[in-house]
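Here's the structure, in structure tokens; my notes come after.
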Amino acid sequence: MSPLEFHLPALQVAVPLLLAPIAVLMRPRGLAWAVATAASLMAFMVAIGLTQGVLAGESFRYAMGGWEAPYGIELRVDSFSALVLLVVTAASSLALLAGRASVDQAIETSRQPLFYSAWLLVLSGLVGILVSADAFNIFVFMEISSLASYVVVAGGTDRRALPAVFKYLIMGTIGATFYLIGVGLIYMMTGTLNLADMELRIHEVADQRPILVAAGFITVGLALKAAVFPLHVWLPNAYTYAPHAVSVFLAACATKVSLYVLLRFDFVVFQQNLLGHEFQFAAFLMPLAVLAILVGSAVALFESNIKRLLAYSSVAQIGYILLGASLVSLAGLSASLLHIFNHALAKGALFMAVMALAMRYSRLDLKHLAGAARNMPWTMAAFVVAGLSLIGVPGTAGFISKWYLVVAALEAGVLGYFLIGVIVVGSLMAVVYIWRIVEAAWFAPAVDESAVVREAPAMMLAVIWLTALANVYFGLATELPRELASGAAVSLLGLMP
Amino acid sequence: MQLLGIYYYWVFAVLLMIGFYAVIAKDNLVKKLIGLSIFQSAVFLLYITMGKVAGGTAPIYQDDIAGQLFSNPLPQVLILTAIVVGISTTALGLGIVVRIKEEYGSIEEQDIQEIDRR
């Protein structure tokens, strides 16, 4: 391992974290954006480097400041973290590349350096959670990313963002504090904060009750942060009223990082150590996942604001991810991790297309967008491609993860047939709600024929198409995400590779 | 009297629930934030409590420490970080409340919902 490669886990966090204060100083117009984009792209490169290492079979363990685990803080990257790292850094880079014009429109020039700096802090918090192997360190990074994301969500011009952010802040803080209580209880019983060390020492704890309580607090706290139904109420408004570029970034990855911590804790720390945890985990989360799919999709059917519609669809998609995990099988978990990757691709592209529409249309209601495709055919064509991926049409990324999900459900016997029914119904509802937008944009007569609406800026359009085509690419060439997802599932379930 | 013997955990649980109640039940956004602060402080107390060793003294490195009993300093260090996080959350929350007051002219949740509905 070359010295640079050795330091990659630390660089992953350090690059965006150190460039965040520098972005504040970049007063001339456009410079702050350049710094943020450069930092984000560098983080993406680091993530690619880490992924290559992980695929080549290396394991990255980094003792921060030279203090060995379990005493010091350890950074650790395996295939699960590499998968989510790719998603987060790519989402941030693409959202920044595409979103410059949109941010220019939403935020006055003098405040842009602060906005981009907060953006970088969100990014560094999210990647920090992913590389860290220390329960308390994860809490600190979680709060860095949350506090910064409250700032970027409230950064736009829409005043309705403010009450939405307040709700997000209250619920996010309660979630993080629940997590903190859980970590405290585990520390009390085991005397360690390192996840790997925790796993070993929980065996030795005689009285399991505090650990059980901790499992409850951690699961509920993180479910709140991950917007698991019915704890999702903060999500739709926060996504809807956030600046459009922020919606692209957060919708693609913020909740997934909380899901990452949830799965890591439940599978690595608790699963093998608590009696009957496997059953409790499934019995608690599977009904919630089913409800999330059905209720989230059903609400999306009746939403008229397309950003809200997509936000409710996100609630449903989180349900799919949890459904796979709650099967507690190798196939189910791989499917769910694969869906983290594929859903980010689809939803990222969809929100980008919405961002392009918002450049030209002041209101994002279905009736105001009637006939939009005649003015912006390229944007809406990309929207259709990404929409097909969200639905799960063969040949797109969304199909792959839903296929694996169905295969995993088949292994579960009679219950599996019911779950397949839920997946099919959810997908059919997705067909309907995506179709409502497509119909309005392509087939409905325009409200005001005389209005001249131009196509979105070229840069934005290029990135939207790049993402939309990635949906097709990863629907055909599935090795990379599949290998990472199954590797991650194997290590989460504690099987020998 | 086993339940009273661990009264320090009762303090944690009661404070936690007082804070949680205020967050949920109060309509005024500032009162919600006060509740959130109480909620977080309860967790700080949980951590501080668990680090205390009966009869232990402050863990300061000095000569002649052989045979001395020390409290566990790690939870206190952790909670120092959590306090900073708590302060930032409260400050940011209050900042948002100020902006809400500027935009809506009220900090009562009901009023804001009504204004948005109009």
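Identifiers in this document derive from the order of the structure tokens: chains are assigned A, B, ..., residues are numbered from 1 separately in each chain, and ligands are numbered from 1 in order of occurrence.
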> Counting only C-alpha atoms, which residues of chain B come no farther than 7 Å from chain A, as a PyMOL selection string?
Replying inline: chain B and resi 40+43+47+50+85+89+93+96+100+103
>> Which residues are near His368 (chain A)? Cut-off 10 Å, only C-alpha atoms, ignore same chain within fewer than 3 positions. Put them as a ChimeraX atom specification.
In response: /A:304-305,361-365,371-372,440-441,446-448
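The nearest approach to Ala289 (chain A) among the residues A:Ala135, A:Leu410, A:Val257, A:Val422, with only C-alpha atoms taken into account, belongs to A:Val422.
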>> Excluding Pro75 (chain B) and its own-chain neighbours fewer than 3 positions away, which residues fall within 7 Å of it when counting only C-alpha atoms? Please give them as a ChimeraX atom specification.
In response: /B:47-48,51,72,78-79
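If only C-alpha atoms are the atoms counted, then among B:Ala66, B:Leu74, B:Val23, B:Leu15 the closest residue to Glu109 (chain B) is B:Val23.
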> Contacts of Tyr9 (chain B) at 10 Å or less, counting only C-alpha atoms, minus same-chain residues fewer than 5 places along, as a list in words?
Replying inline: Leu3, Leu4, Val14, Leu15, Ala42, Leu45, Leu46, Thr49 and Met50 of chain B
